[in-house]
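*Asks:* Here you go, this is query_13.cif (mmCIF, C-alpha atoms, pLDDT in the B column; chains and numbers go by the auth columns).
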data_my_file
#
loop_
_atom_site.group_PDB
_atom_site.id
_atom_site.type_symbol
_atom_site.label_atom_id
_atom_site.label_comp_id
_atom_site.label_asym_id
_atom_site.label_seq_id
_atom_site.Cartn_x
_atom_site.Cartn_y
_atom_site.Cartn_z
_atom_site.B_iso_or_equiv
_atom_site.auth_seq_id
_atom_site.auth_asym_id
ATOM 1 C CA MET A 1 -19.688 3.643 -22.483 74.00 1 A
ATOM 2 C CA VAL A 2 -17.045 3.258 -25.169 87.00 2 A
ATOM 3 C CA SER A 3 -15.740 -0.225 -25.855 89.00 3 A
ATOM 4 C CA PRO A 4 -12.523 -1.041 -27.738 89.00 4 A
ATOM 5 C CA LEU A 5 -12.624 -2.101 -31.370 89.00 5 A
ATOM 6 C CA VAL A 6 -10.740 -5.322 -30.621 87.00 6 A
ATOM 7 C CA LYS A 7 -9.834 -6.696 -27.212 90.00 7 A
ATOM 8 C CA PRO A 8 -7.071 -9.274 -27.635 90.00 8 A
ATOM 9 C CA ARG A 9 -6.084 -11.503 -24.764 93.00 9 A
ATOM 10 C CA ILE A 10 -2.991 -10.066 -23.068 92.00 10 A
ATOM 11 C CA VAL A 11 -0.406 -12.758 -22.348 94.00 11 A
ATOM 12 C CA LYS A 12 2.578 -11.872 -20.174 93.00 12 A
ATOM 13 C CA LYS A 13 5.641 -14.091 -20.475 94.00 13 A
ATOM 14 C CA ARG A 14 6.636 -13.229 -16.915 94.00 14 A
ATOM 15 C CA THR A 15 4.563 -11.465 -14.268 94.00 15 A
ATOM 16 C CA LYS A 16 7.076 -11.642 -11.405 93.00 16 A
ATOM 17 C CA LYS A 17 9.584 -8.820 -10.951 93.00 17 A
ATOM 18 C CA PHE A 18 13.237 -9.621 -11.564 95.00 18 A
ATOM 19 C CA THR A 19 15.092 -9.824 -8.252 95.00 19 A
ATOM 20 C CA ARG A 20 18.337 -7.954 -7.769 95.00 20 A
ATOM 21 C CA HIS A 21 21.394 -10.082 -6.962 95.00 21 A
ATOM 22 C CA GLN A 22 22.087 -10.342 -3.188 93.00 22 A
ATOM 23 C CA SER A 23 19.013 -8.264 -2.340 94.00 23 A
ATOM 24 C CA ASP A 24 18.075 -10.968 0.168 93.00 24 A
ATOM 25 C CA ARG A 25 21.430 -10.522 1.932 94.00 25 A
ATOM 26 C CA TYR A 26 21.374 -6.751 2.481 94.00 26 A
ATOM 27 C CA ALA A 27 18.451 -4.685 3.747 93.00 27 A
ATOM 28 C CA LYS A 28 19.820 -1.599 1.991 92.00 28 A
ATOM 29 C CA ILE A 29 19.386 -3.253 -1.423 91.00 29 A
ATOM 30 C CA ASP A 30 15.806 -3.164 -2.634 91.00 30 A
ATOM 31 C CA GLY A 31 14.847 -6.448 -4.284 86.00 31 A
ATOM 32 C CA THR A 32 12.621 -4.867 -6.913 89.00 32 A
ATOM 33 C CA SER A 33 15.203 -2.406 -8.280 93.00 33 A
ATOM 34 C CA TRP A 34 16.932 -4.469 -10.934 95.00 34 A
ATOM 35 C CA ARG A 35 20.615 -3.833 -11.647 96.00 35 A
ATOM 36 C CA LYS A 36 22.636 -5.918 -14.069 97.00 36 A
ATOM 37 C CA PRO A 37 25.489 -7.758 -12.312 97.00 37 A
ATOM 38 C CA LYS A 38 28.864 -6.653 -13.690 97.00 38 A
ATOM 39 C CA GLY A 39 31.372 -8.749 -11.703 97.00 39 A
ATOM 40 C CA ILE A 40 33.820 -11.052 -13.498 97.00 40 A
ATOM 41 C CA ASP A 41 32.938 -14.065 -11.329 97.00 41 A
ATOM 42 C CA ASN A 42 29.255 -13.265 -10.821 97.00 42 A
ATOM 43 C CA ARG A 43 27.016 -16.362 -10.857 97.00 43 A
ATOM 44 C CA VAL A 44 23.895 -14.479 -11.948 97.00 44 A
ATOM 45 C CA ARG A 45 25.655 -12.797 -14.876 97.00 45 A
ATOM 46 C CA ARG A 46 27.124 -16.141 -15.953 98.00 46 A
ATOM 47 C CA ARG A 47 23.620 -17.682 -15.758 97.00 47 A
ATOM 48 C CA PHE A 48 24.393 -20.566 -13.438 97.00 48 A
ATOM 49 C CA LYS A 49 21.587 -22.982 -12.649 97.00 49 A
ATOM 50 C CA GLY A 50 19.482 -22.070 -9.610 96.00 50 A
ATOM 51 C CA GLN A 51 20.431 -18.362 -9.619 96.00 51 A
ATOM 52 C CA PHE A 52 18.179 -15.347 -10.182 95.00 52 A
ATOM 53 C CA LEU A 53 17.036 -14.889 -13.763 96.00 53 A
ATOM 54 C CA MET A 54 18.163 -11.825 -15.668 96.00 54 A
ATOM 55 C CA PRO A 55 15.867 -9.775 -17.916 96.00 55 A
ATOM 56 C CA SER A 56 16.440 -10.347 -21.616 96.00 56 A
ATOM 57 C CA ILE A 57 14.751 -9.379 -24.878 96.00 57 A
ATOM 58 C CA GLY A 58 12.903 -12.712 -24.963 96.00 58 A
ATOM 59 C CA TYR A 59 10.647 -11.608 -22.095 96.00 59 A
ATOM 60 C CA GLY A 60 9.193 -8.794 -24.239 95.00 60 A
ATOM 61 C CA SER A 61 5.446 -8.548 -24.763 94.00 61 A
ATOM 62 C CA ASN A 62 3.583 -9.413 -27.937 94.00 62 A
ATOM 63 C CA LYS A 63 3.754 -6.481 -30.369 94.00 63 A
ATOM 64 C CA ASN A 64 -0.049 -6.465 -30.738 93.00 64 A
ATOM 65 C CA THR A 65 -0.711 -6.215 -26.999 94.00 65 A
ATOM 66 C CA ARG A 66 2.281 -4.077 -25.906 95.00 66 A
ATOM 67 C CA HIS A 67 1.241 -0.987 -23.860 96.00 67 A
ATOM 68 C CA LEU A 68 -2.371 -2.219 -23.931 95.00 68 A
ATOM 69 C CA MET A 69 -4.405 -1.594 -20.783 95.00 69 A
ATOM 70 C CA PRO A 70 -6.539 -4.474 -19.418 94.00 70 A
ATOM 71 C CA ASP A 71 -9.692 -2.855 -20.839 93.00 71 A
ATOM 72 C CA GLY A 72 -8.267 -3.048 -24.390 94.00 72 A
ATOM 73 C CA PHE A 73 -7.378 0.635 -24.890 95.00 73 A
ATOM 74 C CA LEU A 74 -4.034 2.347 -25.376 96.00 74 A
ATOM 75 C CA LYS A 75 -3.237 5.407 -23.228 97.00 75 A
ATOM 76 C CA PHE A 76 -2.953 8.888 -24.724 97.00 76 A
ATOM 77 C CA VAL A 77 -1.944 11.719 -22.368 97.00 77 A
ATOM 78 C CA VAL A 78 -4.088 14.832 -22.825 97.00 78 A
ATOM 79 C CA HIS A 79 -3.031 18.306 -21.638 97.00 79 A
ATOM 80 C CA ASN A 80 -5.901 20.400 -23.053 96.00 80 A
ATOM 81 C CA VAL A 81 -9.213 20.224 -24.923 96.00 81 A
ATOM 82 C CA ALA A 82 -7.457 20.558 -28.307 96.00 82 A
ATOM 83 C CA ASP A 83 -5.560 17.321 -27.663 95.00 83 A
ATOM 84 C CA LEU A 84 -8.883 15.476 -27.483 95.00 84 A
ATOM 85 C CA GLU A 85 -9.600 16.356 -31.117 95.00 85 A
ATOM 86 C CA LEU A 86 -6.683 14.093 -32.107 95.00 86 A
ATOM 87 C CA LEU A 87 -8.609 11.121 -30.707 94.00 87 A
ATOM 88 C CA LEU A 88 -11.799 11.900 -32.616 93.00 88 A
ATOM 89 C CA MET A 89 -11.386 9.105 -35.178 94.00 89 A
ATOM 90 C CA GLN A 90 -9.435 6.801 -32.839 94.00 90 A
ATOM 91 C CA ASN A 91 -11.843 6.680 -29.886 93.00 91 A
ATOM 92 C CA LYS A 92 -12.152 2.878 -30.103 95.00 92 A
ATOM 93 C CA ARG A 93 -8.376 2.366 -29.989 95.00 93 A
ATOM 94 C CA TYR A 94 -7.093 5.051 -27.574 96.00 94 A
ATOM 95 C CA ALA A 95 -8.332 6.241 -24.191 96.00 95 A
ATOM 96 C CA ALA A 96 -7.468 9.722 -22.948 97.00 96 A
ATOM 97 C CA GLU A 97 -5.606 10.181 -19.701 97.00 97 A
ATOM 98 C CA ILE A 98 -5.521 13.700 -18.302 96.00 98 A
ATOM 99 C CA ALA A 99 -1.989 14.804 -17.397 96.00 99 A
ATOM 100 C CA HIS A 100 -1.266 15.265 -13.695 96.00 100 A
ATOM 101 C CA ASP A 101 -0.459 18.983 -14.006 95.00 101 A
ATOM 102 C CA VAL A 102 -3.830 20.001 -15.493 95.00 102 A
ATOM 103 C CA SER A 103 -5.967 22.210 -13.234 94.00 103 A
ATOM 104 C CA ALA A 104 -9.411 21.196 -11.966 93.00 104 A
ATOM 105 C CA LYS A 105 -11.094 23.836 -14.146 93.00 105 A
ATOM 106 C CA LYS A 106 -9.484 22.548 -17.344 94.00 106 A
ATOM 107 C CA ARG A 107 -10.125 18.937 -16.283 95.00 107 A
ATOM 108 C CA LYS A 108 -13.835 19.639 -16.106 95.00 108 A
ATOM 109 C CA ALA A 109 -13.787 21.061 -19.655 95.00 109 A
ATOM 110 C CA ILE A 110 -11.781 18.099 -20.952 96.00 110 A
ATOM 111 C CA VAL A 111 -14.173 15.566 -19.396 95.00 111 A
ATOM 112 C CA GLU A 112 -17.232 17.346 -20.829 96.00 112 A
ATOM 113 C CA ARG A 113 -15.710 17.507 -24.323 96.00 113 A
ATOM 114 C CA ALA A 114 -14.676 13.840 -24.106 96.00 114 A
ATOM 115 C CA GLN A 115 -18.285 12.852 -23.386 95.00 115 A
ATOM 116 C CA GLN A 116 -19.432 14.769 -26.465 95.00 116 A
ATOM 117 C CA LEU A 117 -16.814 13.073 -28.646 95.00 117 A
ATOM 118 C CA ASN A 118 -17.488 9.657 -27.062 95.00 118 A
ATOM 119 C CA ILE A 119 -13.886 9.281 -25.835 96.00 119 A
ATOM 120 C CA LYS A 120 -13.047 7.235 -22.759 96.00 120 A
ATOM 121 C CA VAL A 121 -11.121 9.129 -20.041 96.00 121 A
ATOM 122 C CA THR A 122 -9.270 6.865 -17.622 95.00 122 A
ATOM 123 C CA ASN A 123 -8.887 9.349 -14.740 94.00 123 A
ATOM 124 C CA TRP A 124 -11.998 11.487 -15.200 92.00 124 A
ATOM 125 C CA GLN A 125 -12.781 11.776 -11.480 92.00 125 A
ATOM 126 C CA ALA A 126 -9.320 13.021 -10.410 89.00 126 A
ATOM 127 C CA LYS A 127 -9.240 16.503 -8.791 84.00 127 A
ATOM 128 C CA LEU A 128 -13.000 16.910 -9.306 77.00 128 A
ATOM 129 C CA ARG A 129 -14.994 17.594 -6.153 72.00 129 A
ATOM 130 C CA SER A 130 -18.733 17.189 -5.851 61.00 130 A
ATOM 131 C CA GLU A 131 -21.017 20.228 -5.574 52.00 131 A
ATOM 132 C CA GLU A 132 -21.537 19.648 -1.825 49.00 132 A
ATOM 133 C CA ASP A 133 -17.885 20.301 -0.984 56.00 133 A
ATOM 134 C CA ASN A 134 -17.826 23.776 -2.564 52.00 134 A
#
As structure tokens, what does this structure read like?

*Replies:*
Amino acid sequence: MVSPLVKPRIVKKRTKKFTRHQSDRYAKIDGTSWRKPKGIDNRVRRRFKGQFLMPSIGYGSNKNTRHLMPDGFLKFVVHNVADLELLLMQNKRYAAEIAHDVSAKKRKAIVERAQQLNIKVTNWQAKLRSEEDN
């Protein structure tokens, strides 16, 4: 099993989703789909006390841990076996993720080559059936 070179502690400044203004009032407005309020008198836009918080640049992640998965690797989307060769020297920093449109036959070849190169594949079992099902 491949382990990352360094595994820094990932600290999120905010884990809750930002709530859309008046999403609690109307069922048609989904609370998780953030939209910036644009009204001239809007309390949320004017940042009144006790209102929903708005996303801002200050909530951004640490540059060292941005896009880092919980296991310490960064994702790299792979479409074919040749793409795996790019990760040859970076196998302790990046983990391969097979693209969703890759066929089962090519997936099998990618997973086998990744084992030879000692590269972690995040979704290695996707679209692969066991021998009993065939």

*Asks:* Translate the PyMOL selection byres ((chain A and resi 18-20) around 12), as applied to the file shown, into an explicit residue set as a PyMOL selection string.

*Replies:* chain A and resi 14-17+21-37+44-45+51-56+59

*Asks:* Got a sec to resolve the PyMOL selection byres ((chain A and resi 93-97) around 10) on this structure and send the residues as a ChimeraX atom specification?

*Replies:* /A:2-7,68-69,71-79,83-84,87-92,98-100,110-111,114,119-124

*Asks:* Record the distance separating atom CA of Arg66 of chain A and atom CA of Lys127 of chain A, expressed in Å with one decimal.

*Replies:*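 Atom CA of Lys127 of chain A lies 29.1 Å from atom CA of Arg66 of chain A.
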
*Asks:* Mind pulling up the distance from atom CA of Lys105 of chain A to atom CA of Glu85 of chain A?

*Replies:* 18.6 Å

*Asks:* Pick out the closest residue to Ala104 of chain A from this set: A:Leu86, A:Val81, A:Gln116, A:Arg129. Count all atoms listed in the file.

*Replies:* A:Arg129

*Asks:* So how far away is atom CA of Met1 of chain A from atom CA of Ser103 of chain A, in Å?

*Replies:*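 Computing the Euclidean distance for atom CA of Ser103 of chain A and atom CA of Met1 of chain A yields 24.9 Å.
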
*Asks:* Nearest to Ala109 of chain A among A:Lys13, A:Asn64, A:Leu128, A:Pro70, with distances taken over all atoms listed in the file: which residue is it?

*Replies:*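 Between A:Lys13, A:Asn64, A:Leu128, A:Pro70, the residue approaching Ala109 of chain A most closely is A:Leu128.
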
*Asks:* So which one's closest to Gln125 of chain A, A:Val11, A:Gly50, A:Asn62, A:Lys108? Using all atoms listed in the file, please.

*Replies:* A:Lys108

*Asks:* For Ile10 of chain A, list every protein, DNA or RNA residue within 7 Å, evaluated using all atoms listed in the file, and leave out those in the same chain fewer than 2 positions away; present the list as a compact mmCIF listing (two decimals) with C-alpha atoms, keeping the file's coordinate frame.

*Replies:*
# COMPACT_ATOMS: atom_id res chain seq x y z
CA PRO A 8 -7.07 -9.27 -27.64
CA LYS A 12 2.58 -11.87 -20.17
CA THR A 65 -0.71 -6.22 -27.00
